Structure formats: C-alpha cells, structure tokens
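Below is one structure; the comments refer to it alone.
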Amino acid sequence: MNKSTYPHPLRSRIRAGELVLGSVLSAPTASVAAQTCGAGIDFLWVDTEHQPYGVEAMDVIPGLARMRGVAPMIRVAWNDPHLIKKAYDSGAVAVMVPQITTAEEAARAVQYARYPPLGQRGVSPNWPSITGDDWGNVIRTANEETVLVLQIESEEAYRNLDEIARVPGIDVLFAGPMDISASLGIVTQVQDPRVQDILRDIPRRLRGTGIATGTTLVDVAELQQKMSWGYRFLNVGSPLGYGLGVLQSHLGALRATPLQ
C-alpha cells in the first residue's frame with residue numbers, strides 16, 4: 001500500500017479542465033473500496049444520501065482511498081454543516097451536497113466546507129492519523145485541497161444556475177438527471193428532450209467560470225456524448241451494477257447452450 005499523497009491533486013486537475021472519472025463504492029467495506037480503487041478511478045463516490053448508512057460506517061475507507069491515490073468523495077444527505085464537517089474530517093477530499101437550488105444555499109455550503117477565514121468549518125480532522133499525514137500541515141493547507149461538489153437537481157436550480165455559479169468556492173456543479181426529470185413531472189424519463197436540453201445547456205453556461213460540470217451515467221456511449229457537451233467530472237456507473245450485467249449475460253448464454 002502506498003503512503004498518502006497530500007494534498008490530493010483532484011482540485012488542481014479540475015481547475016486544469018482535465019477529464020476526471022470515478023465510480024461508486026458498492027458496499028461500505030475496506031475490501032470493496034480497495035478493489036474499486038484498483039480499477040484506475042480518480043475518485044471513489046461514497047453515497048450517504050440514499051444508502052442506509054452514514055459517514056460513521058466509513059471507518060478507514062477514505063484514508064485507504066487516499067493511500068491508493070484515489071480521492072474519496074462523500075455525498076452527504078443534506079446541506080448540513082454537521083454532515084459536511086464529519087465527511088471532510090473522516091477523510092473526504094470532495095464532499096457532494098445534494099438539492100442545491102439557490103445561490104444562498106450554495107453560499108452556505110461553501111461556508112460549511114471551508115476553514116476560516118474562507119468559511120466556518122470547525123477544525124479537528126482525524127483522518128491524518130490513519131494515513132500518516134502531518135496533522136498541522138493538513139489543517140493549515142486544507143482549504144487548498146478541499147473540493148466542493150454541488151448538485152443541480154431541479155428545474156428551479158437550472159433557472160438559478162448563473163447566480164449559483166457566481167458564488168465563490170464551488171469546484172463542480174453536478175447535474176442529476178433523475179431528479180431533474182422528477183422536477184419536470186416526468187420522473188425516470190431521463191432521455192426526454194426537456195431533460196437532455198437542460199443537460200446540454202449546463203456546461204455551455206458554465207464555460208469560463210472555472211467550475212467543472214459533472215454527472216453520473218452508466219452507458220459508455222452516453223458518457224462520451226456528455227464529454228462532447230463539455231462534461232469533465234463523470235461518475236461511471238458502479239462495479240456492482242456492471243458486474244451483475246455481465247453475470248446475467250453469462251447465465252443467459254450458459255442456459256441457452258445445448259447439453260451434450
């Protein structure tokens with residue numbers, strides 16, 4: 001296992017406009033995390049919004065990801081200072097905040113994510129004791145490493161996109177196709193032209209702001225399409241989802257094979 005590299009280069013890569021690819025942590029175990037990190041991802045998406053566990057279940061997983069050169073990104077359940085602080089203190093390089101709809105909400109998330117004088121986050125991370133990084137140095141330089149990802153998940157958020165993008169301290173605005181479809185009254189119809197028009201327009205409107213545009217998809221061709229639209233921060237499905245697809249295909253092929 002490699003020693004942690006601090007600061008993690010995720011933020012500098014985002015600012016340079018590089019393509020950044022991640023995938024989902026399918027189960028909150030160190031073994032699954034290590035194997036997923038070994039696939040060559042840039043960030044590991046840990047979802048504590050919809051999954052039945054919180055950041056307490058992470059234990060050494062964020063530190064383990066850091067030691068594999070992968071940026072742990074924890075999605076918190078809400079724009080809450082307690083949740084955001086605990087996610088960063090457990091070792092997250094990036095925190096994703098769902099359901100941001102206004103510039104005021106975005107500004108609050110920035111305040112919760114940064115140490116003074118840029119924000120209001122309390123000081124006492126515990127992850128350096130796992131990775132062996134210098135605790136004092138981490139505190140002094142944390143604002144330079146911290147990545148904040150805010151989710152655009154509604155028609156209202158899309159209408160307010162320009163105002164949200166003017167809030168200093170946002171690194172990624174991450175479009176949620178499913179929630180956008182729900183806000184339009186066509187839940188699950190993510191291929192509807194109204195959803196796709198919004199997804200196409202978001203990176204155009206963010207061009208020149210220094211904020212990367214992100215989203216999450218499964219199909220490689222669709223991911224490539226979004227790259228051509230200007231998306232640079234992409235979650236690429238989940239190992240479990242892809243693995244089950246392959247297993248189902250193999251089972252079907254074997255059951256269709258004539259027995260001798």
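Labeling convention for the structure tokens: chains A, B, ... as they appear, residues from 1 per chain, ligands from 1 in order of appearance.
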Self-check item: Residues flagged alpha helix (DSSP H) by DSSP in region 32-102 of chain A, as a list in words
Solution: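 Listing alpha helix (DSSP H) positions across region 32-102 of chain A yields Val32, Ala33, Ala34, Gln35, Thr36, Cys37, Ile61, Pro62, Gly63, Leu64, Ala65, Arg66, Met67, Pro81, His82, Leu83, Ile84, Lys85, Lys86, Ala87, Tyr88 and Asp89 of chain A.
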Practice problem: For Ile41 (chain A), work out the shell of residues within 10 Å, counting only C-alpha atoms and skipping chain neighbours fewer than 4 positions away, then give it as a PyMOL selection string. | Solution: chain A and resi 20-24+36-37+69-71+235-236
Quiz prompt | Best match for closeness to Arg75 (chain A) among A:Ala107, A:Ile130, A:Gln151, A:Val123, counting only C-alpha atoms | solution =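 Result for the nearest residue to Arg75 (chain A): A:Gln151.
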Which residues of region 57-169 of chain A come within 9 Å of region 199-218 of chain A, and what is each one's closest atom pair and distance in Å (one decimal), counting only C-alpha atoms, sorted by chain and residue number, as a tab-separated table?
residue	atom	partner	partner_atom	distance
A:Val149	CA	A:Gly214	CA	8.7
A:Gln151	CA	A:Gly214	CA	8.8
A:Tyr158	CA	A:Ile202	CA	7.7
A:Leu161	CA	A:Ile202	CA	7.9
A:Asp162	CA	A:Arg205	CA	7.3
A:Ala165	CA	A:Thr209	CA	7.1
A:Arg166	CA	A:Thr209	CA	7.9
Emit the selected residues as a PDB file, in the first residue's frame, including C-alpha atoms.
ATOM      1  CA  VAL A 149     -19.405  19.460  -5.456  1.00  0.00           C
ATOM      2  CA  GLN A 151     -25.801  19.069  -7.211  1.00  0.00           C
ATOM      3  CA  TYR A 158     -31.329  25.225 -13.546  1.00  0.00           C
ATOM      4  CA  LEU A 161     -27.666  28.391 -12.478  1.00  0.00           C
ATOM      5  CA  ASP A 162     -25.998  31.694 -13.375  1.00  0.00           C
ATOM      6  CA  ALA A 165     -22.143  29.832 -10.481  1.00  0.00           C
ATOM      7  CA  ARG A 166     -21.202  33.312  -9.262  1.00  0.00           C
TER       8      ARG A 166
END
With only C-alpha atoms as the counted atoms, please give the residues lying no more than 6 Å from Ala30 (chain A), apart from itself and same-chain residues fewer than 3 positions off, as a compact mmCIF listing (two decimals) with C-alpha atoms, in the first residue's frame.
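Generated file (out15.txt):
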# COMPACT_ATOMS: atom_id res chain seq x y z
CA ALA A 33 -13.16 0.01 -1.58
CA ALA A 34 -9.64 -1.27 -2.24
CA ILE A 61 -12.23 3.71 3.82
Quiz item: With distances taken over only C-alpha atoms, which of A:Leu254, A:Asp197, A:Ala157, A:Phe174 is nearest to Arg232 (chain A)?
Solution: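 Using only C-alpha atoms, the shortest distance to Arg232 (chain A) belongs to A:Phe174.
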Quiz item: Could you work out how far CA of Gln191 (chain A) lies from CA of Glu156 (chain A), giving the answer in Å with one decimal?
Solution: 19.2 Å
Practice problem: Name the residues of region 138-228 of chain A that fall into strand (DSSP E or B) according to DSSP on the backbone, using the chain letters and numbers of this document, as a list in words. | Solution: Val147, Leu148, Val149, Leu150, Gln151, Ile152, Val172, Leu173, Phe174, Ala175, Ala212, Thr213, Gly214, Thr215, Thr216 and Leu217 of chain A
Practice problem: Using only C-alpha atoms, find the one residue out of A:Gly230, A:Arg114, A:Pro128, A:Asn143 that sits nearest to Val60 (chain A). | Solution: A:Pro128
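The neighbours of Tyr53 (chain A) here are the residues that come within 12 Å of it, using only C-alpha atoms and leaving out any residue fewer than 6 positions away in the same chain; they are Ala27, Pro28, Thr29, Val46, Asp47, Asp59, Ile74, Arg75, Val76 and Ala77 of chain A.
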Pull N, CA and C atoms from the residues just selected and write them as a PDB file, in the first residue's frame.
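Contents of out_37.pdb, as written:
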ATOM      1  N   ALA A  27     -20.322  -1.178  -1.593  1.00  0.00           N
ATOM      2  CA  ALA A  27     -20.597  -1.614  -0.228  1.00  0.00           C
ATOM      3  C   ALA A  27     -19.551  -0.980   0.683  1.00  0.00           C
ATOM      4  N   PRO A  28     -19.946  -0.579   1.908  1.00  0.00           N
ATOM      5  CA  PRO A  28     -19.015   0.147   2.787  1.00  0.00           C
ATOM      6  C   PRO A  28     -18.050  -0.771   3.501  1.00  0.00           C
ATOM      7  N   THR A  29     -17.212  -1.457   2.722  1.00  0.00           N
ATOM      8  CA  THR A  29     -16.188  -2.312   3.307  1.00  0.00           C
ATOM      9  C   THR A  29     -14.837  -1.946   2.707  1.00  0.00           C
ATOM     10  N   VAL A  46     -18.771   7.815  -2.421  1.00  0.00           N
ATOM     11  CA  VAL A  46     -19.394   7.182  -1.262  1.00  0.00           C
ATOM     12  C   VAL A  46     -20.718   7.902  -0.998  1.00  0.00           C
ATOM     13  N   ASP A  47     -21.823   7.195  -1.149  1.00  0.00           N
ATOM     14  CA  ASP A  47     -23.140   7.829  -1.066  1.00  0.00           C
ATOM     15  C   ASP A  47     -23.778   7.601   0.300  1.00  0.00           C
ATOM     16  N   ASP A  59     -15.299   4.296   8.521  1.00  0.00           N
ATOM     17  CA  ASP A  59     -14.100   3.851   9.235  1.00  0.00           C
ATOM     18  C   ASP A  59     -12.841   4.277   8.470  1.00  0.00           C
ATOM     19  N   ILE A  74     -17.550  11.993  -0.670  1.00  0.00           N
ATOM     20  CA  ILE A  74     -18.693  11.567   0.128  1.00  0.00           C
ATOM     21  C   ILE A  74     -19.879  12.476  -0.180  1.00  0.00           C
ATOM     22  N   ARG A  75     -20.986  11.868  -0.618  1.00  0.00           N
ATOM     23  CA  ARG A  75     -22.217  12.640  -0.768  1.00  0.00           C
ATOM     24  C   ARG A  75     -22.967  12.607   0.556  1.00  0.00           C
ATOM     25  N   VAL A  76     -23.181  13.781   1.126  1.00  0.00           N
ATOM     26  CA  VAL A  76     -23.920  13.875   2.387  1.00  0.00           C
ATOM     27  C   VAL A  76     -25.409  13.891   2.093  1.00  0.00           C
ATOM     28  N   ALA A  77     -26.201  13.731   3.145  1.00  0.00           N
ATOM     29  CA  ALA A  77     -27.643  13.617   2.959  1.00  0.00           C
ATOM     30  C   ALA A  77     -28.323  14.958   2.730  1.00  0.00           C
TER      31      ALA A  77
END
Self-check item: Selection near region 93-99 of chain A, 8 Å with only C-alpha atoms, sequence-local residues under 3 positions removed, as a PyMOL selection string
Solution: chain A and resi 8+10+71-79+84+87-88+109+145-154
